[in-house]
>>> print(open('entry-v5.txt').read())   # compact mmCIF, C-alpha atoms
# COMPACT_ATOMS: atom_id res chain seq x y z
CA MET L 1 107.31 100.14 112.95
CA TYR L 2 106.67 103.39 114.69
CA ARG L 3 103.67 105.67 114.57
CA LEU L 4 105.25 109.04 114.51
CA SER L 5 104.81 112.50 115.84
CA THR L 6 105.46 115.14 113.21
CA PHE L 7 105.87 118.82 112.84
CA MET L 8 105.88 120.84 109.65
CA LEU L 9 107.56 123.98 108.45
CA PHE L 10 106.46 125.86 105.37
CA LEU L 11 108.71 127.79 103.02
CA ALA L 12 107.94 130.52 100.52
CA LEU L 13 110.33 130.11 97.61
CA GLY L 14 110.25 132.44 94.64
CA THR L 15 111.87 134.64 92.02
CA VAL L 16 111.10 138.11 90.73
CA PHE L 17 108.91 136.48 88.05
CA GLN L 18 106.68 134.20 90.10
CA GLN L 19 106.13 133.01 93.62
CA SER L 20 106.08 129.30 94.45
CA HIS L 21 105.46 127.48 97.69
CA GLY L 22 107.21 124.41 99.03
CA ILE L 23 106.30 122.31 102.00
CA GLU L 24 108.98 121.14 104.43
CA VAL L 25 108.28 118.12 106.60
CA ASN L 26 110.28 116.69 109.51
CA VAL L 27 109.06 113.27 110.66
CA THR L 28 110.35 112.03 114.02
CA ASP L 29 110.34 108.59 115.62
CA LYS L 30 109.24 107.57 119.12
CA ASP L 31 112.50 108.94 120.53
CA ASN L 32 111.73 112.29 118.90
CA LYS L 33 114.64 111.87 116.46
CA LEU L 34 114.38 112.87 112.84
CA CYS L 35 113.78 109.77 110.67
CA LEU L 36 112.37 111.24 107.42
CA TYR L 37 112.89 114.66 105.87
CA ALA L 38 111.08 116.14 102.87
CA ASN L 39 110.94 119.51 101.14
CA LEU L 40 109.01 119.52 97.87
CA MET L 41 106.34 121.03 95.65
CA VAL L 42 103.51 119.07 94.01
CA ASN L 43 101.15 120.51 91.39
CA PHE L 44 98.05 118.59 90.33
CA SER L 45 95.88 118.60 87.21
CA VAL L 46 92.71 116.52 87.53
CA SER L 47 90.02 115.95 84.89
CA TYR L 48 86.56 114.82 86.02
CA GLU L 49 83.01 114.46 84.73
CA VAL L 50 80.53 117.30 85.28
CA THR L 51 76.82 117.69 84.66
CA GLY L 52 75.72 117.79 81.04
CA ASN L 53 77.87 114.80 80.07
CA LYS L 54 80.93 117.03 79.90
CA SER L 55 84.36 117.07 81.54
CA ALA L 56 86.28 119.73 83.43
CA THR L 57 89.90 120.08 84.53
CA VAL L 58 91.12 121.72 87.72
CA LYS L 59 94.69 122.62 88.66
CA PHE L 60 95.92 123.13 92.19
CA GLU L 61 99.01 122.88 94.40
CA LEU L 62 99.64 120.76 97.45
CA PRO L 63 98.46 123.31 100.04
CA LEU L 64 100.40 124.65 102.98
CA GLU L 65 97.88 123.39 105.52
CA ALA L 66 98.53 119.71 104.70
CA GLU L 67 98.89 117.41 107.73
CA THR L 68 101.25 114.45 108.12
CA SER L 69 99.76 112.39 110.93
CA GLY L 70 99.87 109.25 108.77
CA SER L 71 103.62 109.33 108.08
CA VAL L 72 105.56 106.24 109.17
CA CYS L 73 109.26 105.36 109.53
CA ASP L 74 110.89 101.94 109.73
CA THR L 75 114.31 100.43 109.04
CA THR L 76 113.39 99.17 105.57
CA THR L 77 110.20 101.08 104.67
CA SER L 78 109.08 104.68 105.09
CA THR L 79 105.95 106.56 104.09
CA LEU L 80 105.36 110.27 103.83
CA LYS L 81 101.61 110.95 103.91
CA LEU L 82 100.04 114.39 103.51
CA ASP L 83 96.32 114.94 104.15
CA PHE L 84 94.68 118.12 102.93
CA GLY L 85 91.36 119.74 102.12
CA ASP L 86 88.09 117.85 102.30
CA GLY L 87 89.23 114.22 102.24
CA HIS L 88 92.26 114.46 99.92
CA SER L 89 95.64 112.80 100.54
CA TRP L 90 99.02 112.36 98.85
CA SER L 91 101.62 109.81 99.96
CA ILE L 92 104.95 108.47 98.74
CA ASN L 93 106.31 105.10 99.84
CA PHE L 94 110.01 104.21 100.08
CA THR L 95 111.87 100.92 100.49
CA ARG L 96 115.48 100.34 101.45
CA SER L 97 117.73 97.57 100.13
CA GLY L 98 121.20 97.55 101.65
CA LYS L 99 122.89 100.89 101.07
CA ILE L 100 120.36 102.29 98.61
CA TYR L 101 116.69 103.22 98.70
CA GLN L 102 114.02 104.22 96.22
CA ALA L 103 110.45 105.48 95.97
CA ASP L 104 108.10 102.65 95.03
CA THR L 105 104.72 104.31 94.68
CA ILE L 106 102.91 107.62 94.92
CA VAL L 107 99.26 107.31 95.95
CA PHE L 108 96.96 110.28 95.37
CA SER L 109 93.36 110.17 96.61
CA TYR L 110 90.91 112.95 95.82
CA ASN L 111 87.36 113.43 96.99
CA LEU L 112 85.09 114.32 94.07
CA ASN L 113 82.40 115.32 96.56
CA ASP L 114 84.48 118.39 97.47
CA THR L 115 82.38 121.03 95.70
CA LYS L 116 84.94 123.78 96.26
CA LEU L 117 87.68 121.89 94.42
CA PHE L 118 85.48 119.91 92.00
CA PRO L 119 82.38 122.02 91.26
CA ASN L 120 79.47 120.36 89.43
CA SER L 121 81.05 116.91 89.73
CA THR L 122 78.69 114.07 88.86
CA SER L 123 80.47 111.74 91.27
CA ASN L 124 80.67 111.84 95.04
CA GLU L 125 83.27 109.10 95.33
CA THR L 126 86.91 109.28 96.41
CA ALA L 127 89.13 108.34 93.47
CA THR L 128 92.65 106.95 93.88
CA VAL L 129 95.55 106.79 91.43
CA THR L 130 98.84 105.00 92.04
CA VAL L 131 101.95 105.84 90.03
CA LYS L 132 105.64 104.96 90.04
CA PRO L 133 107.93 107.96 90.67
CA HIS L 134 111.33 108.29 89.02
CA ILE L 135 113.31 108.12 92.28
CA ILE L 136 115.73 105.18 92.30
CA ASN L 137 119.27 104.28 93.42
CA VAL L 138 119.47 106.86 96.22
CA GLY L 139 122.36 106.42 98.64
CA VAL L 140 120.97 105.68 102.10
CA ASP L 141 123.10 108.41 103.71
CA THR L 142 122.14 111.03 101.11
CA CYS L 143 119.21 113.26 100.24
CA TYR L 144 117.53 112.85 96.87
CA SER L 145 117.59 116.21 95.11
CA CYS L 146 115.68 117.20 91.97
CA LYS L 147 114.94 120.83 91.21
CA SER L 148 113.64 120.07 87.71
CA ASP L 149 109.96 119.40 87.02
CA ASP L 150 109.09 115.70 87.08
CA LEU L 151 105.74 115.08 85.33
CA ILE L 152 103.92 111.85 86.21
CA GLU L 153 100.66 111.05 84.42
CA ALA L 154 98.05 108.36 85.04
CA ASP L 155 94.45 108.16 83.85
CA MET L 156 92.80 111.54 84.49
CA VAL L 157 95.51 112.91 86.77
CA SER L 158 98.84 114.64 86.18
CA GLN L 159 101.27 115.32 89.02
CA THR L 160 104.33 117.54 88.71
CA LEU L 161 107.01 117.25 91.38
CA SER L 162 109.64 120.00 91.61
CA ASN L 163 112.24 121.41 94.00
CA VAL L 164 112.36 118.01 95.67
CA LEU L 165 114.73 117.30 98.56
CA ILE L 166 114.00 114.05 100.42
CA GLN L 167 115.87 111.75 102.77
CA ALA L 168 113.63 108.78 103.50
CA PHE L 169 115.95 107.00 105.96
CA VAL L 170 117.69 109.47 108.25
CA SER L 171 120.34 107.98 110.52
CA GLY L 172 121.48 109.56 113.77
CA GLY L 173 118.61 112.04 113.81
CA SER L 174 120.32 114.51 111.45
CA LYS L 175 119.63 115.18 107.78
CA SER L 176 122.59 114.48 105.50
CA ASP L 177 124.30 117.25 103.53
CA ASN L 178 125.24 114.78 100.79
CA LEU L 179 123.05 114.64 97.70
CA THR L 180 121.97 112.09 95.13
CA THR L 181 121.01 114.32 92.21
CA CYS L 182 118.40 113.37 89.60
CA ALA L 183 119.50 113.00 85.98
CA ALA L 184 117.49 116.04 84.87
CA ASP L 185 119.62 118.30 87.10
CA VAL L 186 122.96 116.91 85.93
CA PRO L 187 124.44 118.94 83.02
CA THR L 188 125.81 115.85 81.24
CA THR L 189 124.49 113.20 78.89
CA THR L 190 124.38 110.52 81.57
CA VAL L 191 120.98 109.12 82.54
CA VAL L 192 122.11 107.54 85.78
CA PRO L 193 121.50 109.50 89.02
CA THR L 194 124.83 110.78 90.38
CA THR L 195 125.89 111.12 93.98
CA THR L 196 127.85 114.17 95.14
CA ASN L 197 129.92 114.61 98.30
CA ALA L 198 129.57 110.94 99.06
CA THR L 199 131.10 107.63 98.09
CA SER L 200 129.28 106.16 95.09
CA THR L 201 127.65 102.78 95.62
CA THR L 202 126.93 100.37 92.80
CA THR L 203 124.50 97.53 93.29
CA ALA L 204 124.05 94.64 90.88
CA ILE L 205 120.54 93.93 89.67
CA PRO L 206 119.32 90.83 91.52
CA THR L 207 118.27 89.10 88.32
CA THR L 208 119.78 86.08 86.65
CA ASN L 209 120.81 85.04 83.16
CA VAL L 210 121.34 88.48 81.63
CA THR L 211 122.18 88.45 77.93
CA SER L 212 122.85 91.16 75.37
CA THR L 213 122.25 90.61 71.67
CA THR L 214 121.66 92.58 68.50
CA PRO L 215 118.18 94.12 68.14
CA PRO L 216 115.45 91.63 67.27
CA THR L 217 113.72 91.83 63.93
CA THR L 218 110.23 91.33 65.36
CA SER L 219 108.19 93.22 67.95
CA THR L 220 108.10 90.16 70.22
CA PRO L 221 111.66 88.78 70.24
CA VAL L 222 112.35 85.12 70.84
CA PRO L 223 113.79 84.47 74.35
CA THR L 224 117.41 83.37 74.40
CA ILE L 225 117.81 82.43 78.07
CA PRO L 226 116.27 79.71 80.28
CA ALA L 227 112.79 80.12 81.71
CA PRO L 228 112.70 82.14 84.96
CA SER L 229 111.82 80.67 88.34
CA THR L 230 108.18 80.89 89.41
CA GLY L 231 107.44 83.36 92.21
CA LYS L 232 104.41 83.55 94.48
CA TYR L 233 103.32 87.05 95.49
CA ASN L 234 100.41 88.52 97.46
CA VAL L 235 99.06 91.80 98.81
CA THR L 236 97.28 92.08 102.15
CA ALA L 237 94.52 94.52 103.04
CA SER L 238 95.66 97.35 105.30
CA ASP L 239 92.67 97.07 107.65
CA ASN L 240 92.47 93.37 108.52
CA LYS L 241 95.69 91.89 107.04
CA THR L 242 93.79 89.39 104.89
CA VAL L 243 95.14 88.52 101.45
CA CYS L 244 93.35 90.60 98.80
CA LEU L 245 95.54 89.99 95.72
CA LEU L 246 97.31 86.83 94.56
CA ALA L 247 99.83 86.36 91.76
CA THR L 248 102.03 83.46 90.68
CA PHE L 249 104.33 83.61 87.66
CA GLY L 250 107.81 83.45 86.25
CA LEU L 251 108.79 86.75 84.66
CA ARG L 252 111.31 87.89 82.08
CA ILE L 253 111.85 91.42 80.79
CA GLY L 254 113.04 92.09 77.25
CA LEU L 255 114.42 95.60 76.80
CA LEU L 256 115.64 97.40 73.69
CA GLN L 257 117.92 100.35 74.46
CA ASN L 258 120.55 102.10 72.37
CA ASN L 259 120.20 99.48 69.61
CA LYS L 260 120.89 96.68 72.09
CA TYR L 261 118.37 94.06 73.11
CA GLU L 262 118.73 92.62 76.61
CA GLU L 263 116.74 90.08 78.61
CA MET L 264 116.52 89.79 82.40
CA ASN L 265 114.81 87.14 84.51
CA LEU L 266 113.15 88.25 87.74
CA ASP L 267 114.52 86.27 90.68
CA PRO L 268 111.67 85.64 93.17
CA ASN L 269 114.17 84.80 95.93
CA VAL L 270 115.25 88.45 96.17
CA THR L 271 111.93 90.07 95.21
CA THR L 272 109.49 91.65 97.67
CA ALA L 273 105.84 92.39 97.00
CA HIS L 274 103.41 94.99 98.27
CA GLY L 275 100.58 97.05 96.86
CA LEU L 276 97.05 98.28 97.32
CA CYS L 277 93.62 96.67 96.95
CA GLY L 278 90.64 98.75 95.94
CA VAL L 279 87.08 98.28 94.75
CA ASN L 280 87.85 99.11 91.11
CA ILE L 281 91.66 99.41 91.09
CA SER L 282 94.33 97.16 92.61
CA ASP L 283 98.12 97.44 92.40
CA LEU L 284 100.87 94.86 92.71
CA VAL L 285 104.36 96.31 93.20
CA LEU L 286 107.40 94.04 92.92
CA VAL L 287 110.79 95.34 94.08
CA SER L 288 114.03 93.54 93.28
CA GLY L 289 116.98 95.78 94.15
CA PRO L 290 116.87 98.80 91.82
CA LEU L 291 114.21 97.11 89.67
CA THR L 292 110.58 98.04 90.38
CA LEU L 293 107.50 96.74 88.55
CA MET L 294 104.02 98.09 89.20
CA PHE L 295 101.01 96.19 87.79
CA THR L 296 97.71 98.10 87.88
CA PHE L 297 94.49 96.11 87.50
CA THR L 298 91.06 97.62 86.89
CA ASN L 299 87.55 96.18 86.67
CA ASP L 300 84.19 97.18 85.22
CA THR L 301 82.22 95.25 87.90
CA LYS L 302 82.05 92.20 85.60
CA LYS L 303 85.58 91.59 84.34
CA PHE L 304 89.09 92.65 85.35
CA HIS L 305 92.24 93.10 83.28
CA LEU L 306 95.79 94.38 83.52
CA HIS L 307 95.36 98.07 82.70
CA ALA L 308 98.84 99.51 83.27
CA LEU L 309 102.44 98.39 83.73
CA ASN L 310 105.28 100.62 84.89
CA ILE L 311 108.86 99.31 85.10
CA THR L 312 111.96 101.20 86.21
CA GLY L 313 115.46 99.98 86.97
CA ASN L 314 118.91 99.46 85.54
CA THR L 315 120.05 97.28 82.68
CA GLY L 316 122.86 94.76 83.11
CA SER L 317 125.30 97.46 81.99
CA GLY L 318 124.04 99.87 84.66
CA VAL L 319 121.99 102.19 82.42
CA ALA L 320 118.78 103.47 84.02
CA PHE L 321 115.50 102.94 82.19
CA SER L 322 111.81 103.64 82.69
CA GLU L 323 109.03 102.16 80.53
CA ALA L 324 105.27 102.35 81.02
CA ASN L 325 101.97 101.68 79.30
CA THR L 326 98.70 102.84 80.91
CA ASN L 327 96.34 101.52 78.24
CA LEU L 328 96.67 97.72 78.33
CA SER L 329 93.99 95.05 78.04
CA LEU L 330 95.79 91.91 79.17
CA TRP L 331 94.94 88.99 81.47
CA GLU L 332 91.17 89.46 81.34
CA ALA L 333 88.83 87.32 83.43
CA ALA L 334 85.57 87.52 85.36
CA ILE L 335 85.65 89.25 88.75
CA SER L 336 84.76 86.02 90.57
CA SER L 337 87.62 84.08 88.95
CA SER L 338 91.37 84.18 88.40
CA TYR L 339 93.28 84.43 85.13
CA MET L 340 95.65 81.54 84.32
CA CYS L 341 98.07 80.82 81.48
CA ASN L 342 100.61 78.06 82.00
CA LYS L 343 102.13 78.39 78.55
CA GLU L 344 104.70 81.08 77.80
CA GLN L 345 103.17 84.42 76.87
CA ASN L 346 105.01 87.38 75.39
CA SER L 347 103.37 90.80 75.34
CA THR L 348 104.69 93.96 73.71
CA ILE L 349 104.24 96.65 76.37
CA THR L 350 106.06 99.49 74.59
CA ASP L 351 108.31 99.74 71.54
CA ALA L 352 111.25 99.05 73.85
CA LEU L 353 109.72 96.66 76.40
CA THR L 354 108.50 93.08 76.03
CA LEU L 355 107.12 91.06 78.93
CA PHE L 356 107.43 87.26 79.04
CA THR L 357 105.33 85.32 81.57
CA PHE L 358 105.45 81.64 82.49
CA LYS L 359 102.97 79.59 84.58
CA LEU L 360 100.91 82.71 85.19
CA GLN L 361 97.93 82.91 87.54
CA VAL L 362 96.65 86.18 88.96
CA GLN L 363 93.59 87.37 90.88
CA PRO L 364 93.51 91.07 91.87
CA PHE L 365 89.88 91.13 93.12
CA GLY L 366 87.58 88.91 95.14
CA VAL L 367 90.19 86.71 96.85
CA GLU L 368 88.65 84.52 99.54
CA LYS L 369 90.53 82.65 102.27
CA GLY L 370 93.85 83.44 100.60
CA LEU L 371 93.18 81.07 97.70
CA PHE L 372 92.73 81.47 93.94
CA SER L 373 89.18 81.20 92.65
CA ILE L 374 88.27 79.07 89.64
CA ALA L 375 90.58 79.94 86.75
CA HIS L 376 89.78 81.39 83.36
CA GLU L 377 92.39 79.74 81.14
CA CYS L 378 94.07 81.52 78.27
CA SER L 379 93.45 80.25 74.74
CA MET L 380 96.88 78.60 74.61
CA ASP L 381 96.03 76.45 77.64
CA ASP L 382 92.47 75.58 76.67
CA VAL L 383 92.75 72.30 74.77
CA SER L 384 88.97 72.19 74.31
CA ILE L 385 89.24 74.66 71.45
CA LEU L 386 91.40 72.13 69.59
CA ILE L 387 88.58 69.57 69.43
CA PRO L 388 86.39 71.40 66.89
CA ILE L 389 89.50 72.22 64.88
CA ILE L 390 90.54 68.56 64.76
CA VAL L 391 87.00 67.41 63.96
CA GLY L 392 86.67 70.06 61.25
CA ALA L 393 89.99 69.06 59.72
CA ALA L 394 88.98 65.37 59.76
CA LEU L 395 85.64 66.12 58.07
CA ALA L 396 87.36 68.27 55.46
CA GLY L 397 89.79 65.44 54.74
CA LEU L 398 86.94 62.95 54.48
CA ILE L 399 85.07 65.18 52.03
CA ILE L 400 88.18 65.53 49.89
CA ILE L 401 88.62 61.72 49.83
CA VAL L 402 84.96 61.21 48.83
CA VAL L 403 85.24 63.80 46.04
CA ILE L 404 88.43 62.21 44.71
CA ALA L 405 86.86 58.74 44.81
CA TYR L 406 83.79 60.07 43.00
CA VAL L 407 85.89 61.68 40.26
CA ILE L 408 87.95 58.49 39.78
CA GLY L 409 84.76 56.40 39.63
CA ARG L 410 83.22 58.70 37.06
CA ARG L 411 86.31 58.54 34.87
CA LYS L 412 86.36 54.72 34.98
CA THR L 413 82.66 54.60 34.05
CA TYR L 414 83.22 57.01 31.15
CA VAL L 415 86.14 54.95 29.82
CA GLY L 416 84.00 51.78 30.01
CA TYR L 417 81.27 53.40 27.90
CA GLN L 418 83.83 54.46 25.29
CA THR L 419 85.16 50.84 25.06
CA LEU L 420 81.71 49.45 24.48
>>> encode(input="entry-v5.txt", output="structure tokens")
Amino acid sequence: MYRLSTFMLFLALGTVFQQSHGIEVNVTDKDNKLCLYANLMVNFSVSYEVTGNKSATVKFELPLEAETSGSVCDTTTSTLKLDFGDGHSWSINFTRSGKIYQADTIVFSYNLNDTKLFPNSTSNETATVTVKPHIINVGVDTCYSCKSDDLIEADMVSQTLSNVLIQAFVSGGSKSDNLTTCAADVPTTTVVPTTTNATSTTTAIPTTNVTSTTPPTTSTPVPTIPAPSTGKYNVTASDNKTVCLLATFGLRIGLLQNNKYEEMNLDPNVTTAHGLCGVNISDLVLVSGPLTLMFTFTNDTKKFHLHALNITGNTGSGVAFSEANTNLSLWEAAISSSYMCNKEQNSTITDALTLFTFKLQVQPFGVEKGLFSIAHECSMDDVSILIPIIVGAALAGLIIIVVIAYVIGRRKTYVGYQTL
């Protein structure tokens, strides 16, 4: 991996109606050759708490004076990082798989102690949000192009990308003239990004046991394919390379699209993991070819839970999809423990997306020595809750037997009196 020297050019783009500004970035490697190119606009809308127990919202653009000293290029990963203002930063991370690449995460950090940008803020902390951009299946020798507005929302932050032109893996030191155009810019009904002036590349989803059936009648459809293999994933801290997040599970995705229900098993043998660990928020990102899953965990200093899930990729028939839920309350456990559920769980994430987990154990906070802490077991695993149920049922049965015996005895006594 190379730490890179960079230089930046700024453009003023506009029409007779309004003036907009785009930032152009050329990142070079140690040989001073171009390895990452970007030209884009980013507009932010951030809500925050102010004095008087109220909230305020500020809107601003990615400024022209942003710096890119943290940008990095490699053969399989690239990061464009822009620092601006008083402790703010915006970065986008890319991964390459064969002849295609995609954007995995956008990380936006903003300093609430910046009184010019966030006046009367009650917090002086630096907040961070991580989102999954809609940039997938980009030909490695092409630039990703999207002039349309791309709105990405998470928690209290909205980001709008527009006039985007990016080539994350530049070969030969020269930016390509070929384009992979986003679906929003293509004047057809297709939802799959199309490549112009270049040979199209199709890549099979590295998942197994894909089935298509008629739509299920319930919100949590019954799986129709074998259980997926169990994968072990972890995230390491950027400062000291120690493991800060652990996850083990088998995973299946159930997707309803165009009146067709399809299931896909995640293959851990072709899945890579990365992410971020924070004090209150941690992210686990799994990438398997064109399929990307981002799990966002949050904590309230006492307990953690899965707060958000964002999945993008292609179905078995090659149709692109994107499903997300940023208001989940799954996999809850104490900060000092891990969450475990060996039995199969199925969770309805959205109307179109169901998540099936098998042999699940996850700990996004407080990992020590790279090992899981004591586990909080899900109700389906905890056999101890069956004991009072069994005892209660036995007592109820005994009471019924006693009552029946009493009634029979009374009847026999009554008949005896009548005979006498």
>>> residues_near_point(input="entry-v5.txt", point="(86.0, 114.9, 99.2)", cutoff="8 Å", atoms="only C-alpha atoms", output="PyMOL selection string")
chain L and resi 85-88+110-115+124-126
>>> atom_distance(input="entry-v5.txt", atom1="atom CA of Lys116 of chain L", atom2="atom CA of Ser47 of chain L")
14.7 Å
>>> atom_distance(input="entry-v5.txt", atom1="atom CA of Leu36 of chain L", atom2="atom CA of Leu80 of chain L")
7.9 Å
>>> residues_around(input="entry-v5.txt", residues="segment 267-277 of chain L", least_positions_apart="4", cutoff="9 Å", atoms="all atoms listed in the file", output="PyMOL selection string")
chain L and resi 105+130+206-208+228-238+244-245+250-251+281-289+294+364-365
>>> closest_atom_pairs(input="entry-v5.txt", of="segment 217-323 of chain L", to="segment 140-160 of chain L", cutoff="12 Å", atoms="all atoms listed in the file", output="JSON lines")
{"residue": "L:Ile281", "atom": "CA", "partner": "L:Asp155", "partner_atom": "CA", "distance": 11.7}
{"residue": "L:Thr296", "atom": "CA", "partner": "L:Ala154", "partner_atom": "CA", "distance": 10.7}
{"residue": "L:Thr298", "atom": "CA", "partner": "L:Asp155", "partner_atom": "CA", "distance": 11.5}
{"residue": "L:His307", "atom": "CA", "partner": "L:Asp155", "partner_atom": "CA", "distance": 10.2}
{"residue": "L:Ala308", "atom": "CA", "partner": "L:Ala154", "partner_atom": "CA", "distance": 9.1}
{"residue": "L:Leu309", "atom": "CA", "partner": "L:Ala154", "partner_atom": "CA", "distance": 11.0}
{"residue": "L:Asn310", "atom": "CA", "partner": "L:Ala154", "partner_atom": "CA", "distance": 10.6}
{"residue": "L:Ser322", "atom": "CA", "partner": "L:Ile152", "partner_atom": "CA", "distance": 11.9}
>>> atom_distance(input="entry-v5.txt", atom1="atom CA of Asn342 of chain L", atom2="atom CA of Cys378 of chain L")
8.3 Å
>>> axis_aligned_box(input="entry-v5.txt", around="segment 49-60 of chain L", padding_each_side="8 Å", output="AutoDock Vina command-line options")
--center_x 85.8 --center_y 118.8 --center_z 86.0 --size_x 36.2 --size_y 24.7 --size_z 28.3
>>> closest_residue(input="entry-v5.txt", among="L:Ser317, L:Ser171, L:Ser91, L:Ser55", to="Thr122 of chain L", atoms="only C-alpha atoms")
L:Ser55
>>> closest_residue(input="entry-v5.txt", among="L:Glu323, L:Gln363, L:Phe169, L:Lys175", to="Phe249 of chain L", atoms="all atoms listed in the file")
L:Gln363
>>> closest_residue(input="entry-v5.txt", among="L:Ala227, L:Ile335, L:Val27, L:Ala103", to="Val367 of chain L", atoms="all atoms listed in the file")
L:Ile335
>>> residues_around(input="entry-v5.txt", residues="Ile374 of chain L", least_positions_apart="6", cutoff="10 Å", atoms="all atoms listed in the file", output="PyMOL selection string")
chain L and resi 334+336-340+363
>>> build_atoms(input="entry-v5.txt", residues="segment 262-268 of chain L", atoms="all heavy atoms", output="mmCIF file, keeping the file's coordinate frame")
data_model
loop_
_atom_site.group_PDB
_atom_site.id
_atom_site.type_symbol
_atom_site.label_atom_id
_atom_site.label_comp_id
_atom_site.auth_asym_id
_atom_site.auth_seq_id
_atom_site.Cartn_x
_atom_site.Cartn_y
_atom_site.Cartn_z
ATOM 1 N N GLU L 262 118.268 93.312 75.416
ATOM 2 C CA GLU L 262 118.730 92.620 76.610
ATOM 3 C C GLU L 262 117.551 91.965 77.315
ATOM 4 O O GLU L 262 116.456 92.526 77.359
ATOM 5 C CB GLU L 262 119.430 93.604 77.537
ATOM 6 C CG GLU L 262 120.008 92.998 78.799
ATOM 7 C CD GLU L 262 120.810 94.030 79.594
ATOM 8 O OE1 GLU L 262 121.660 94.710 78.992
ATOM 9 O OE2 GLU L 262 120.571 94.145 80.801
ATOM 10 N N GLU L 263 117.780 90.788 77.870
ATOM 11 C CA GLU L 263 116.740 90.080 78.610
ATOM 12 C C GLU L 263 117.181 89.848 80.046
ATOM 13 O O GLU L 263 118.355 89.555 80.301
ATOM 14 C CB GLU L 263 116.406 88.745 77.940
ATOM 15 C CG GLU L 263 115.702 88.916 76.604
ATOM 16 C CD GLU L 263 115.406 87.583 75.949
ATOM 17 O OE1 GLU L 263 115.901 86.558 76.461
ATOM 18 O OE2 GLU L 263 114.679 87.567 74.948
ATOM 19 N N MET L 264 116.239 89.977 80.979
ATOM 20 C CA MET L 264 116.520 89.790 82.400
ATOM 21 C C MET L 264 115.413 88.954 83.020
ATOM 22 O O MET L 264 114.233 89.243 82.827
ATOM 23 C CB MET L 264 116.603 91.145 83.116
ATOM 24 C CG MET L 264 117.716 92.052 82.633
ATOM 25 S SD MET L 264 117.637 93.700 83.396
ATOM 26 C CE MET L 264 116.231 94.398 82.538
ATOM 27 N N ASN L 265 115.775 87.934 83.755
ATOM 28 C CA ASN L 265 114.810 87.140 84.510
ATOM 29 C C ASN L 265 114.647 87.706 85.907
ATOM 30 O O ASN L 265 115.635 88.046 86.567
ATOM 31 C CB ASN L 265 115.279 85.684 84.618
ATOM 32 C CG ASN L 265 115.043 84.909 83.345
ATOM 33 O OD1 ASN L 265 114.342 85.367 82.442
ATOM 34 N ND2 ASN L 265 115.631 83.735 83.248
ATOM 35 N N LEU L 266 113.409 87.805 86.367
ATOM 36 C CA LEU L 266 113.150 88.250 87.740
ATOM 37 C C LEU L 266 113.376 87.086 88.689
ATOM 38 O O LEU L 266 112.804 86.010 88.511
ATOM 39 C CB LEU L 266 111.715 88.759 87.851
ATOM 40 C CG LEU L 266 111.325 89.372 89.194
ATOM 41 C CD1 LEU L 266 112.015 90.715 89.393
ATOM 42 C CD2 LEU L 266 109.806 89.548 89.285
ATOM 43 N N ASP L 267 114.208 87.315 89.703
ATOM 44 C CA ASP L 267 114.520 86.270 90.680
ATOM 45 C C ASP L 267 113.580 86.416 91.867
ATOM 46 O O ASP L 267 113.689 87.368 92.639
ATOM 47 C CB ASP L 267 115.971 86.409 91.138
ATOM 48 C CG ASP L 267 116.398 85.286 92.083
ATOM 49 O OD1 ASP L 267 115.542 84.453 92.439
ATOM 50 O OD2 ASP L 267 117.581 85.255 92.469
ATOM 51 N N PRO L 268 112.632 85.508 92.060
ATOM 52 C CA PRO L 268 111.670 85.640 93.170
ATOM 53 C C PRO L 268 112.322 85.536 94.545
ATOM 54 O O PRO L 268 111.736 85.992 95.534
ATOM 55 C CB PRO L 268 110.694 84.476 92.929
ATOM 56 C CG PRO L 268 111.442 83.499 92.083
ATOM 57 C CD PRO L 268 112.371 84.312 91.236
#
